[in-house]
Every structure is written in structure tokens, then in C-alpha cells.
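Colleague: Before I ask anything, let me first share the structure, which is written out below as C-alpha cells.
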Amino acid sequence: MLGNWGAPGNRTVRTVRAIRSHPAPVTYGLMALCCAIFLTGPASGLSPSYGTGDELLSAQRAYFERWGVVPVELFQGTPRALGTPATALFVHGSWLHLLGNMLFLYVFGAMAEERMGHVEFALFYVGCGYLALLGYAGAHADSAQTLVGASGAISAVLGAFLYLFPKARVTSLFPFLFFLPLRFPAWVVLPFWVSLQWLAAGRASQGPGVAYLAHLLGFSAGFLYAWVRYGRPARVKSPATATEGENQP
């Protein structure tokens, strides 16, 4: 069964446009790679080689089981299974799943990459994403649920962003306030997001859905990495703006 991670948020998705002085080839390269893999795979439904109807569903299941993380198989120690926490980062289960994750990566990835450097950011992204999936699988070691998606890695980017740029201004549209735009620093918005993940994780079941625990693990890994690696947070040299809207799962 496919574990659809969705975007790394519970009910929200943010769009940030930050003024940056340097390009972010790793961030945009990761986005392009995820999109290319999705468009050519069975989940997009665009390739006629996978068939339609039941044939397409069967191809999707086989695809996710091949490249995604299956906790009950991961700890058997086979080389293929041990590689799936890395390959799963580039596989997505639906259009909404892909677009939500890529939006978050675009929002926060470029500034984090500029601060870390290209090579370090790439290693950070894959390493923290791997650990987030591994931690989730360890907590559900008997589960046959297949997990795919970049949410754990992107959650790590959010954690690092919070530490590195806590005062970056974020304009949010809250559904329960009739989408009234309000501006808050990242140290307000991102902890609020983490709180939503924590609450949702407590209610989550082992059925198909969003792996909130992986979000929390990824976020924690990213924040701790930035804390240990960089010490004091960097000052934001230029303003960042964001919009927050409702993301229907």
C-alpha cells in the first residue's frame, strides 16, 4: 500500500519569494529530478506503457514497493532494502503529493542552500531525509506500509531554516481567520507547523496517510544539524515573504 506523505504540512502550504544574491542549483536540481521521475513513472498516469485501470494500479504498487521504504523489509538488511530510504526521497504518490513537497522545497531550500553551500546542502538533504525515513521505519518495524516522498528531507530543510533564519518574515494566510494575511517571523510560523505535526502524529494510524513522525524526525535532525554546525544563527540580509494557504489532502 502506498503511504502518501503529502506536503510536509498538516493543513497548510506556504509560498515564499526571497531576495537572494546567488543561484541555488541543488534546490532546483532536486525539484527537476523529482518532477522528471514522477512524470515518467506510473503515479503520474501520463505514460501509456503502464496501461490503465487495474493494470495501472498494479504497476503503481510494484513501483512504490520497488523504490519506496517497506519497514518490515528494511531491517532484513538486504542491500536493495537499505537503499530505499534514499530512493524513496525522489518518488511521489500523486500530483498533490509532488506539488506540495516541491513548493516547500522551493520556499525554504534556496536560502538554506546559499547559507550551507551547494555540496553540503545536497549531503544534508539526502542524509537527513534518509534518517527521517529510517527512524519512521524503526518505529513501525512490523509495518508493510510503503513510504515514499521527500517530506522527511524537506522537513529537515525547514528545521535548518528556523535555526539559520529565525527572523525571516513570513506572511501567512490562516483559513480559520478568513485568509487574513498576517506577517510573522519564522520562529513563530515554523514552531506552529511543528505543533500541528505533533498533534497529527498522535492521532495518526498505520493506514495510508501522512507519515507525521517522519516530519518531526526530519525537522529535529535539520535543526540539530544547523545548531551543531553553525553555532549562532545567521542574520537575514534580505527580506523574505511568504503566503500560507490551505492544502486539501
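Scheme for the C-alpha cells: letters A, B, ... for chains in order shown; per-chain residue numbers from 1; ligand numbers from 1 in order shown.
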Using DSSP on the backbone coordinates, identify all residues within segment 66-150 of chain A classified as helix (DSSP H, G or I); present the result as number ranges by chain.
Modeller: A: 66-67, 71-74, 79-90, 95-116, 118-139
Colleague: Measuring between only C-alpha atoms, which one of A:Pro79, A:Leu89, A:Leu224, A:Glu55 shows the shortest distance to Leu33 of chain A?
Modeller: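 The closest residue to Leu33 of chain A is A:Leu89.
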Colleague: Can you list, as a list in words, every protein, DNA or RNA residue that comes within 12 Å of Leu30 of chain A when you count only C-alpha atoms, leaving out same-chain residues fewer than 4 positions away?
Modeller: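 Selected residues are Ala24, Pro25, Val26, Cys34, Cys35, Ala36, Ile37, Leu89, Phe90, Val91, Leu98, Asn101, Met102, Leu103, Leu105, Tyr106, Gly109, Ala110, Glu113, His118, Phe121, Ala122, Leu123, Tyr125, Val126, Ala150, Ala153 and Ile154 of chain A.
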Colleague: Restricting the calculation to only C-alpha atoms: of A:Ala211, A:Glu120, A:Leu216, A:Ala226, which residue gets closest to Ser195 of chain A?
Modeller: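 Comparing A:Ala211, A:Glu120, A:Leu216, A:Ala226 against Ser195 of chain A, the winner is A:Leu216.
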Colleague: So how many Å separate atom CA of Thr146 of chain A and atom CA of Gly93 of chain A, to one decimal?
Modeller: 10.4 Å
Colleague: For Leu217 of chain A, work out the shell of residues within 12 Å, counting only C-alpha atoms and skipping chain neighbours fewer than 6 positions away, then give it as a list in words.
Modeller: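 The residues that qualify are Pro8, Cys128, Gly129, Tyr130, Leu131, Ala132, Leu133, Leu134, Gly135, Tyr136, Ala137, Gly138, Ala139, Ser151, Gly152, Ala153, Ile154, Ser155, Ala156, Val157, Leu158, Gly159, Val194, Gln197, Trp198, Ala201, Ala211, Phe223 and Leu224 of chain A.
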